[in-house]
$ cat structure28.pdb   # PDB, N, CA and C atoms
ATOM      1  N   GLY Y 258       3.451  49.431 -26.298
ATOM      2  CA  GLY Y 258       3.828  50.802 -26.095
ATOM      3  C   GLY Y 258       3.880  51.212 -24.634
ATOM      4  N   LEU Y 259       3.575  50.290 -23.706
ATOM      5  CA  LEU Y 259       3.616  50.644 -22.293
ATOM      6  C   LEU Y 259       5.042  50.591 -21.761
ATOM      7  N   PRO Y 260       5.350  51.431 -20.799
ATOM      8  CA  PRO Y 260       6.643  51.280 -20.121
ATOM      9  C   PRO Y 260       6.613  49.990 -19.292
ATOM     10  N   LEU Y 261       7.772  49.500 -18.914
ATOM     11  CA  LEU Y 261       7.864  48.227 -18.206
ATOM     12  C   LEU Y 261       6.941  48.127 -16.993
ATOM     13  N   PRO Y 262       6.865  49.108 -16.108
ATOM     14  CA  PRO Y 262       5.928  48.972 -14.978
ATOM     15  C   PRO Y 262       4.479  48.773 -15.435
ATOM     16  N   GLY Y 263       4.083  49.401 -16.517
ATOM     17  CA  GLY Y 263       2.731  49.231 -17.045
ATOM     18  C   GLY Y 263       2.506  47.838 -17.586
ATOM     19  N   VAL Y 264       3.506  47.295 -18.271
ATOM     20  CA  VAL Y 264       3.411  45.925 -18.782
ATOM     21  C   VAL Y 264       3.259  44.946 -17.618
ATOM     22  N   LEU Y 265       4.078  45.115 -16.592
ATOM     23  CA  LEU Y 265       4.026  44.208 -15.447
ATOM     24  C   LEU Y 265       2.698  44.295 -14.720
ATOM     25  N   ASP Y 266       2.108  45.486 -14.644
ATOM     26  CA  ASP Y 266       0.812  45.651 -13.979
ATOM     27  C   ASP Y 266      -0.316  44.938 -14.712
ATOM     28  N   HIS Y 267      -0.134  44.645 -15.993
ATOM     29  CA  HIS Y 267      -1.174  43.990 -16.784
ATOM     30  C   HIS Y 267      -1.026  42.468 -16.839
ATOM     31  N   GLN Y 268      -0.067  41.921 -16.136
ATOM     32  CA  GLN Y 268       0.147  40.462 -16.136
ATOM     33  C   GLN Y 268      -0.796  39.790 -15.154
ATOM     34  N   TRP Y 269      -0.980  38.481 -15.322
ATOM     35  CA  TRP Y 269      -1.800  37.691 -14.417
ATOM     36  C   TRP Y 269      -1.027  37.281 -13.174
ATOM     37  N   TYR Y 270       0.234  37.585 -13.142
ATOM     38  CA  TYR Y 270       1.059  37.269 -11.986
ATOM     39  C   TYR Y 270       1.622  38.551 -11.409
ATOM     40  N   ARG Y 271       2.162  38.454 -10.229
ATOM     41  CA  ARG Y 271       2.806  39.595  -9.603
ATOM     42  C   ARG Y 271       4.219  39.189  -9.247
ATOM     43  N   LEU Y 272       5.186  40.005  -9.645
ATOM     44  CA  LEU Y 272       6.558  39.733  -9.268
ATOM     45  C   LEU Y 272       6.709  39.933  -7.770
ATOM     46  N   GLY Y 273       7.466  39.063  -7.149
ATOM     47  CA  GLY Y 273       7.658  39.181  -5.710
ATOM     48  C   GLY Y 273       9.048  38.747  -5.306
ATOM     49  N   TRP Y 274       9.576  39.361  -4.296
ATOM     50  CA  TRP Y 274      10.876  38.998  -3.771
ATOM     51  C   TRP Y 274      10.729  37.686  -3.023
ATOM     52  N   TRP Y 275      11.599  36.740  -3.272
ATOM     53  CA  TRP Y 275      11.442  35.395  -2.721
ATOM     54  C   TRP Y 275      11.437  35.376  -1.203
ATOM     55  N   ARG Y 276      12.083  36.320  -0.550
ATOM     56  CA  ARG Y 276      12.119  36.327   0.912
ATOM     57  C   ARG Y 276      10.763  36.719   1.521
ATOM     58  N   LEU Y 277       9.861  37.224   0.705
ATOM     59  CA  LEU Y 277       8.527  37.572   1.192
ATOM     60  C   LEU Y 277       7.488  36.500   0.857
ATOM     61  N   ALA Y 278       7.945  35.373   0.330
ATOM     62  CA  ALA Y 278       7.013  34.324  -0.103
ATOM     63  C   ALA Y 278       6.105  33.854   1.023
ATOM     64  N   ARG Y 279       6.636  33.712   2.210
ATOM     65  CA  ARG Y 279       5.864  33.189   3.324
ATOM     66  C   ARG Y 279       4.682  34.092   3.686
ATOM     67  N   THR Y 280       4.808  35.392   3.476
ATOM     68  CA  THR Y 280       3.762  36.315   3.901
ATOM     69  C   THR Y 280       3.023  36.996   2.758
ATOM     70  N   ASP Y 281       3.662  37.137   1.603
ATOM     71  CA  ASP Y 281       3.069  37.964   0.555
ATOM     72  C   ASP Y 281       2.588  37.224  -0.694
ATOM     73  N   LEU Y 282       3.067  36.016  -0.943
ATOM     74  CA  LEU Y 282       2.673  35.333  -2.167
ATOM     75  C   LEU Y 282       1.433  34.477  -1.925
ATOM     76  N   ASN Y 283       0.750  34.150  -3.007
ATOM     77  CA  ASN Y 283      -0.524  33.435  -2.884
ATOM     78  C   ASN Y 283      -0.343  31.929  -2.803
ATOM     79  N   TYR Y 284      -1.418  31.202  -2.906
ATOM     80  CA  TYR Y 284      -1.416  29.754  -2.750
ATOM     81  C   TYR Y 284      -0.590  29.029  -3.790
ATOM     82  N   ARG Y 285      -0.272  29.640  -4.910
ATOM     83  CA  ARG Y 285       0.485  28.961  -5.955
ATOM     84  C   ARG Y 285       1.948  28.770  -5.561
ATOM     85  N   ARG Y 286       2.388  29.438  -4.524
ATOM     86  CA  ARG Y 286       3.748  29.225  -4.021
ATOM     87  C   ARG Y 286       3.643  28.174  -2.926
ATOM     88  N   PHE Y 287       4.030  26.947  -3.227
ATOM     89  CA  PHE Y 287       3.796  25.833  -2.323
ATOM     90  C   PHE Y 287       4.741  25.802  -1.132
ATOM     91  N   PHE Y 288       5.974  26.203  -1.329
ATOM     92  CA  PHE Y 288       6.946  26.140  -0.246
ATOM     93  C   PHE Y 288       8.090  27.081  -0.565
ATOM     94  N   THR Y 289       8.890  27.335   0.429
ATOM     95  CA  THR Y 289      10.104  28.111   0.227
ATOM     96  C   THR Y 289      11.292  27.171   0.409
ATOM     97  N   ILE Y 290      12.423  27.568  -0.081
ATOM     98  CA  ILE Y 290      13.602  26.721  -0.015
ATOM     99  C   ILE Y 290      13.916  26.326   1.428
ATOM    100  N   SER Y 291      13.701  27.214   2.368
ATOM    101  CA  SER Y 291      14.012  26.885   3.754
ATOM    102  C   SER Y 291      13.052  25.848   4.334
ATOM    103  N   ASP Y 292      11.940  25.562   3.652
ATOM    104  CA  ASP Y 292      10.989  24.556   4.113
ATOM    105  C   ASP Y 292      11.314  23.151   3.626
ATOM    106  N   LEU Y 293      12.207  23.027   2.659
ATOM    107  CA  LEU Y 293      12.465  21.726   2.059
ATOM    108  C   LEU Y 293      13.238  20.818   3.017
ATOM    109  N   ILE Y 294      12.829  19.572   3.029
ATOM    110  CA  ILE Y 294      13.561  18.554   3.766
ATOM    111  C   ILE Y 294      13.703  17.359   2.843
ATOM    112  N   ALA Y 295      14.521  16.420   3.214
ATOM    113  CA  ALA Y 295      14.689  15.238   2.382
ATOM    114  C   ALA Y 295      14.763  14.007   3.272
ATOM    115  N   VAL Y 296      14.427  12.887   2.684
ATOM    116  CA  VAL Y 296      14.597  11.614   3.357
ATOM    117  C   VAL Y 296      15.586  10.800   2.536
ATOM    118  N   ARG Y 297      16.238   9.875   3.144
ATOM    119  CA  ARG Y 297      17.309   9.109   2.514
ATOM    120  C   ARG Y 297      16.736   7.951   1.703
ATOM    121  N   VAL Y 298      16.048   8.255   0.603
ATOM    122  CA  VAL Y 298      15.408   7.193  -0.183
ATOM    123  C   VAL Y 298      16.416   6.302  -0.888
ATOM    124  N   GLU Y 299      17.695   6.683  -0.881
ATOM    125  CA  GLU Y 299      18.696   5.775  -1.447
ATOM    126  C   GLU Y 299      18.927   4.569  -0.527
ATOM    127  N   ASP Y 300      18.510   4.692   0.743
ATOM    128  CA  ASP Y 300      18.573   3.578   1.687
ATOM    129  C   ASP Y 300      17.354   2.687   1.430
ATOM    130  N   PRO Y 301      17.557   1.403   1.142
ATOM    131  CA  PRO Y 301      16.432   0.524   0.794
ATOM    132  C   PRO Y 301      15.318   0.495   1.847
ATOM    133  N   GLY Y 302      15.671   0.527   3.122
ATOM    134  CA  GLY Y 302      14.652   0.517   4.172
ATOM    135  C   GLY Y 302      13.824   1.783   4.186
ATOM    136  N   VAL Y 303      14.483   2.924   3.972
ATOM    137  CA  VAL Y 303      13.773   4.204   3.930
ATOM    138  C   VAL Y 303      12.882   4.263   2.691
ATOM    139  N   PHE Y 304      13.408   3.809   1.564
ATOM    140  CA  PHE Y 304      12.607   3.776   0.337
ATOM    141  C   PHE Y 304      11.348   2.949   0.559
ATOM    142  N   ALA Y 305      11.511   1.748   1.125
ATOM    143  CA  ALA Y 305      10.362   0.866   1.352
ATOM    144  C   ALA Y 305       9.340   1.504   2.285
ATOM    145  N   ALA Y 306       9.820   2.144   3.352
ATOM    146  CA  ALA Y 306       8.904   2.757   4.322
ATOM    147  C   ALA Y 306       8.175   3.962   3.737
ATOM    148  N   THR Y 307       8.883   4.789   2.989
ATOM    149  CA  THR Y 307       8.266   6.013   2.475
ATOM    150  C   THR Y 307       7.422   5.769   1.226
ATOM    151  N   HIS Y 308       7.574   4.623   0.604
ATOM    152  CA  HIS Y 308       6.810   4.323  -0.609
ATOM    153  C   HIS Y 308       5.792   3.198  -0.403
ATOM    154  N   ALA Y 309       5.636   2.736   0.825
ATOM    155  CA  ALA Y 309       4.742   1.611   1.099
ATOM    156  C   ALA Y 309       3.311   1.892   0.645
ATOM    157  N   LYS Y 310       2.787   3.050   0.946
ATOM    158  CA  LYS Y 310       1.400   3.365   0.574
ATOM    159  C   LYS Y 310       1.249   3.470  -0.938
ATOM    160  N   VAL Y 311       2.208   4.100  -1.604
ATOM    161  CA  VAL Y 311       2.144   4.207  -3.066
ATOM    162  C   VAL Y 311       2.155   2.812  -3.692
ATOM    163  N   VAL Y 312       3.060   1.971  -3.224
ATOM    164  CA  VAL Y 312       3.154   0.611  -3.757
ATOM    165  C   VAL Y 312       1.858  -0.156  -3.487
ATOM    166  N   GLU Y 313       1.288   0.019  -2.314
ATOM    167  CA  GLU Y 313       0.010  -0.633  -1.983
ATOM    168  C   GLU Y 313      -1.104  -0.173  -2.925
ATOM    169  N   LEU Y 314      -1.185   1.128  -3.171
ATOM    170  CA  LEU Y 314      -2.227   1.659  -4.054
ATOM    171  C   LEU Y 314      -2.071   1.156  -5.483
ATOM    172  N   VAL Y 315      -0.830   1.045  -5.932
ATOM    173  CA  VAL Y 315      -0.578   0.494  -7.263
ATOM    174  C   VAL Y 315      -0.980  -0.972  -7.306
ATOM    175  N   ARG Y 316      -0.519  -1.747  -6.308
ATOM    176  CA  ARG Y 316      -0.814  -3.182  -6.257
ATOM    177  C   ARG Y 316      -2.315  -3.446  -6.226
ATOM    178  N   ASP Y 317      -3.069  -2.601  -5.488
ATOM    179  CA  ASP Y 317      -4.513  -2.787  -5.360
ATOM    180  C   ASP Y 317      -5.303  -2.213  -6.533
ATOM    181  N   GLY Y 318      -4.608  -1.621  -7.505
ATOM    182  CA  GLY Y 318      -5.273  -1.076  -8.678
ATOM    183  C   GLY Y 318      -6.005   0.223  -8.428
ATOM    184  N   VAL Y 319      -5.693   0.898  -7.339
ATOM    185  CA  VAL Y 319      -6.353   2.165  -7.013
ATOM    186  C   VAL Y 319      -5.804   3.294  -7.881
ATOM    187  N   VAL Y 320      -4.504   3.237  -8.187
ATOM    188  CA  VAL Y 320      -3.893   4.255  -9.046
ATOM    189  C   VAL Y 320      -3.319   3.587 -10.289
ATOM    190  N   ASP Y 321      -3.327   4.329 -11.381
ATOM    191  CA  ASP Y 321      -2.813   3.809 -12.645
ATOM    192  C   ASP Y 321      -1.400   4.269 -12.941
ATOM    193  N   GLY Y 322      -0.931   5.266 -12.211
ATOM    194  CA  GLY Y 322       0.392   5.796 -12.478
ATOM    195  C   GLY Y 322       0.887   6.621 -11.309
ATOM    196  N   VAL Y 323       2.126   7.055 -11.427
ATOM    197  CA  VAL Y 323       2.794   7.801 -10.372
ATOM    198  C   VAL Y 323       3.413   9.051 -10.973
ATOM    199  N   ARG Y 324       3.363  10.155 -10.230
ATOM    200  CA  ARG Y 324       4.018  11.391 -10.660
ATOM    201  C   ARG Y 324       5.100  11.732  -9.641
ATOM    202  N   VAL Y 325       6.277  12.069 -10.135
ATOM    203  CA  VAL Y 325       7.408  12.450  -9.293
ATOM    204  C   VAL Y 325       7.843  13.846  -9.720
ATOM    205  N   ASP Y 326       7.881  14.763  -8.783
ATOM    206  CA  ASP Y 326       8.321  16.128  -9.075
ATOM    207  C   ASP Y 326       9.748  16.342  -8.620
ATOM    208  N   HIS Y 327      10.587  16.748  -9.532
ATOM    209  CA  HIS Y 327      11.958  17.196  -9.269
ATOM    210  C   HIS Y 327      12.761  16.278  -8.354
ATOM    211  N   PRO Y 328      13.134  15.110  -8.839
ATOM    212  CA  PRO Y 328      13.918  14.190  -8.014
ATOM    213  C   PRO Y 328      15.408  14.539  -7.968
ATOM    214  N   ASP Y 329      15.772  15.742  -8.329
ATOM    215  CA  ASP Y 329      17.179  16.135  -8.435
ATOM    216  C   ASP Y 329      17.951  16.110  -7.121
ATOM    217  N   GLY Y 330      17.294  16.339  -6.013
ATOM    218  CA  GLY Y 330      17.999  16.440  -4.750
ATOM    219  C   GLY Y 330      18.282  15.123  -4.081
ATOM    220  N   LEU Y 331      18.002  14.022  -4.737
ATOM    221  CA  LEU Y 331      18.208  12.719  -4.126
ATOM    222  C   LEU Y 331      19.693  12.390  -4.072
ATOM    223  N   ALA Y 332      20.131  11.867  -2.951
ATOM    224  CA  ALA Y 332      21.535  11.489  -2.802
ATOM    225  C   ALA Y 332      21.825  10.221  -3.593
ATOM    226  N   ASP Y 333      23.064  10.063  -3.994
ATOM    227  CA  ASP Y 333      23.432   8.869  -4.753
ATOM    228  C   ASP Y 333      23.704   7.696  -3.808
ATOM    229  N   PRO Y 334      23.587   6.464  -4.311
ATOM    230  CA  PRO Y 334      23.761   5.290  -3.462
ATOM    231  C   PRO Y 334      25.157   5.209  -2.850
ATOM    232  N   ALA Y 335      26.163   5.807  -3.490
ATOM    233  CA  ALA Y 335      27.521   5.747  -2.965
ATOM    234  C   ALA Y 335      27.727   6.749  -1.830
ATOM    235  N   GLY Y 336      26.754   7.627  -1.607
ATOM    236  CA  GLY Y 336      26.838   8.553  -0.497
ATOM    237  C   GLY Y 336      27.645   9.811  -0.760
ATOM    238  N   TYR Y 337      27.847  10.162  -2.008
ATOM    239  CA  TYR Y 337      28.610  11.369  -2.319
ATOM    240  C   TYR Y 337      27.762  12.633  -2.285
ATOM    241  N   GLY Y 338      26.463  12.501  -2.066
ATOM    242  CA  GLY Y 338      25.583  13.656  -2.012
ATOM    243  C   GLY Y 338      25.210  14.198  -3.374
ATOM    244  N   LEU Y 339      25.474  13.441  -4.419
ATOM    245  CA  LEU Y 339      25.129  13.876  -5.766
ATOM    246  C   LEU Y 339      23.741  13.359  -6.115
ATOM    247  N   ALA Y 340      23.053  14.064  -6.965
ATOM    248  CA  ALA Y 340      21.713  13.649  -7.359
ATOM    249  C   ALA Y 340      21.777  12.340  -8.142
ATOM    250  N   ASP Y 341      20.846  11.457  -7.879
ATOM    251  CA  ASP Y 341      20.749  10.192  -8.604
ATOM    252  C   ASP Y 341      19.298   9.918  -8.966
ATOM    253  N   PRO Y 342      18.679  10.828  -9.734
ATOM    254  CA  PRO Y 342      17.280  10.604 -10.085
ATOM    255  C   PRO Y 342      17.062   9.336 -10.897
ATOM    256  N   ALA Y 343      18.003   8.964 -11.744
ATOM    257  CA  ALA Y 343      17.833   7.752 -12.546
ATOM    258  C   ALA Y 343      17.789   6.520 -11.652
ATOM    259  N   GLY Y 344      18.660   6.464 -10.650
ATOM    260  CA  GLY Y 344      18.652   5.339  -9.723
ATOM    261  C   GLY Y 344      17.351   5.262  -8.948
ATOM    262  N   TYR Y 345      16.870   6.411  -8.501
ATOM    263  CA  TYR Y 345      15.586   6.451  -7.782
ATOM    264  C   TYR Y 345      14.458   5.940  -8.674
ATOM    265  N   LEU Y 346      14.431   6.401  -9.913
ATOM    266  CA  LEU Y 346      13.357   5.999 -10.822
ATOM    267  C   LEU Y 346      13.432   4.514 -11.158
ATOM    268  N   ARG Y 347      14.651   3.957 -11.224
ATOM    269  CA  ARG Y 347      14.774   2.501 -11.421
ATOM    270  C   ARG Y 347      14.163   1.753 -10.240
ATOM    271  N   ARG Y 348      14.459   2.188  -9.014
ATOM    272  CA  ARG Y 348      13.893   1.533  -7.827
ATOM    273  C   ARG Y 348      12.375   1.689  -7.798
ATOM    274  N   LEU Y 349      11.877   2.857  -8.190
ATOM    275  CA  LEU Y 349      10.432   3.085  -8.222
ATOM    276  C   LEU Y 349       9.768   2.183  -9.258
ATOM    277  N   ARG Y 350      10.392   2.042 -10.418
ATOM    278  CA  ARG Y 350       9.846   1.169 -11.466
ATOM    279  C   ARG Y 350       9.771  -0.272 -10.972
ATOM    280  N   GLU Y 351      10.827  -0.732 -10.301
ATOM    281  CA  GLU Y 351      10.825  -2.089  -9.760
ATOM    282  C   GLU Y 351       9.735  -2.259  -8.697
ATOM    283  N   ALA Y 352       9.598  -1.277  -7.821
ATOM    284  CA  ALA Y 352       8.624  -1.364  -6.722
ATOM    285  C   ALA Y 352       7.187  -1.327  -7.224
ATOM    286  N   THR Y 353       6.938  -0.641  -8.335
ATOM    287  CA  THR Y 353       5.569  -0.500  -8.842
ATOM    288  C   THR Y 353       5.277  -1.442 -10.006
ATOM    289  N   GLY Y 354       6.205  -2.343 -10.284
ATOM    290  CA  GLY Y 354       5.986  -3.285 -11.376
ATOM    291  C   GLY Y 354       5.981  -2.616 -12.732
ATOM    292  N   GLY Y 355       6.722  -1.528 -12.861
ATOM    293  CA  GLY Y 355       6.809  -0.841 -14.144
ATOM    294  C   GLY Y 355       5.623   0.050 -14.452
ATOM    295  N   ARG Y 356       4.871   0.427 -13.433
ATOM    296  CA  ARG Y 356       3.692   1.281 -13.623
ATOM    297  C   ARG Y 356       4.083   2.577 -14.308
ATOM    298  N   TRP Y 357       3.174   3.126 -15.078
ATOM    299  CA  TRP Y 357       3.387   4.376 -15.794
ATOM    300  C   TRP Y 357       3.799   5.462 -14.812
ATOM    301  N   THR Y 358       4.911   6.143 -15.091
ATOM    302  CA  THR Y 358       5.438   7.170 -14.200
ATOM    303  C   THR Y 358       5.741   8.419 -14.996
ATOM    304  N   VAL Y 359       5.304   9.558 -14.481
ATOM    305  CA  VAL Y 359       5.568  10.858 -15.078
ATOM    306  C   VAL Y 359       6.517  11.592 -14.148
ATOM    307  N   VAL Y 360       7.555  12.196 -14.719
ATOM    308  CA  VAL Y 360       8.552  12.897 -13.915
ATOM    309  C   VAL Y 360       8.669  14.333 -14.404
ATOM    310  N   GLU Y 361       8.602  15.270 -13.470
ATOM    311  CA  GLU Y 361       8.893  16.667 -13.789
ATOM    312  C   GLU Y 361      10.308  16.932 -13.308
ATOM    313  N   LYS Y 362      11.195  17.218 -14.251
ATOM    314  CA  LYS Y 362      12.597  17.412 -13.914
ATOM    315  C   LYS Y 362      13.234  18.353 -14.908
ATOM    316  N   ILE Y 363      14.079  19.219 -14.418
ATOM    317  CA  ILE Y 363      14.878  20.084 -15.286
ATOM    318  C   ILE Y 363      16.159  19.346 -15.579
ATOM    319  N   LEU Y 364      16.432  19.113 -16.864
ATOM    320  CA  LEU Y 364      17.616  18.363 -17.253
ATOM    321  C   LEU Y 364      18.842  19.258 -17.253
ATOM    322  N   ALA Y 365      19.946  18.740 -16.717
ATOM    323  CA  ALA Y 365      21.238  19.426 -16.815
ATOM    324  C   ALA Y 365      21.776  19.208 -18.230
ATOM    325  N   ARG Y 366      22.758  19.998 -18.592
ATOM    326  CA  ARG Y 366      23.295  19.887 -19.966
ATOM    327  C   ARG Y 366      23.764  18.476 -20.321
ATOM    328  N   ASP Y 367      24.317  17.763 -19.359
ATOM    329  CA  ASP Y 367      24.859  16.438 -19.650
ATOM    330  C   ASP Y 367      23.858  15.312 -19.404
ATOM    331  N   GLU Y 368      22.623  15.636 -19.068
ATOM    332  CA  GLU Y 368      21.611  14.612 -18.828
ATOM    333  C   GLU Y 368      20.772  14.378 -20.068
ATOM    334  N   ARG Y 369      20.366  13.121 -20.236
ATOM    335  CA  ARG Y 369      19.482  12.767 -21.340
ATOM    336  C   ARG Y 369      18.096  12.480 -20.795
ATOM    337  N   LEU Y 370      17.105  12.765 -21.600
ATOM    338  CA  LEU Y 370      15.720  12.474 -21.209
ATOM    339  C   LEU Y 370      15.494  10.981 -21.198
TER     340      LEU Y 370
END

$ encode --input "structure28.pdb" --output "structure tokens"
Amino acid sequence: GLPLPGVLDHQWYRLGWWRLARTDLNYRRFFTISDLIAVRVEDPGVFAATHAKVVELVRDGVVDGVRVDHPDGLADPAGYGLADPAGYLRRLREATGGRWTVVEKILARDERL
């Protein structure tokens, strides 16, 4: 029976304009879009360099699995700038010997889980 402002005031979250994230949002906002950068993991040398520690930890039995968050922005091996999360995950599986991997990804309509 509350009006919308009353309902929103009773939530555990606070609505915020994304442009104020840097100054007004709490610790649960990890980064803003302008903070994102990428590395060319489709390049075998870059992949090896950026995943060396993960592969070492897997090889040494320190970790039992790997988590990958939102691999959508990865460039494709052909260099068209299209996302190639499946290709990345294949390379990761090979590098970790098939270690258990969890992926957080939003599927597009034409993508299969």

$ residues_around --input "structure28.pdb" --residues "stretch 345-355 of chain Y" --least-positions-apart "4" --cutoff "7 Å" --atoms "only C-alpha atoms" --output "list of chain:residue names"
Y:Val312, Y:Val315, Y:Asp341

$ atom_distance --input "structure28.pdb" --atom1 "atom C of Y:Gly318" --atom2 "atom N of Y:Arg356"
12.0 Å

$ resolve_selection --input "structure28.pdb" --expression "the PyMOL selection byres (((chain Y and resi 363 and name CA) around 10) and name CA)" --output "PyMOL selection string"
chain Y and resi 326-329+360-362+364-366+368+370

$ atom_distance --input "structure28.pdb" --atom1 "atom N of Y:Leu261" --atom2 "atom C of Y:Trp274"
20.0 Å

$ closest_residue --input "structure28.pdb" --among "Y:Gly322, Y:Gly258, Y:Gly344, Y:Gly263" --to "Y:Phe304" --atoms "only C-alpha atoms"
Y:Gly344

$ closest_residue --input "structure28.pdb" --among "Y:Trp269, Y:Thr280, Y:Ala343, Y:Pro260" --to "Y:Glu299" --atoms "only C-alpha atoms"
Y:Ala343

$ atom_distance --input "structure28.pdb" --atom1 "atom CA of Y:Ala305" --atom2 "atom CA of Y:Arg369"
27.2 Å

$ closest_residue --input "structure28.pdb" --among "Y:Val359, Y:Leu277, Y:Asp300, Y:Val264" --to "Y:Val325" --atoms "only C-alpha atoms"
Y:Val359
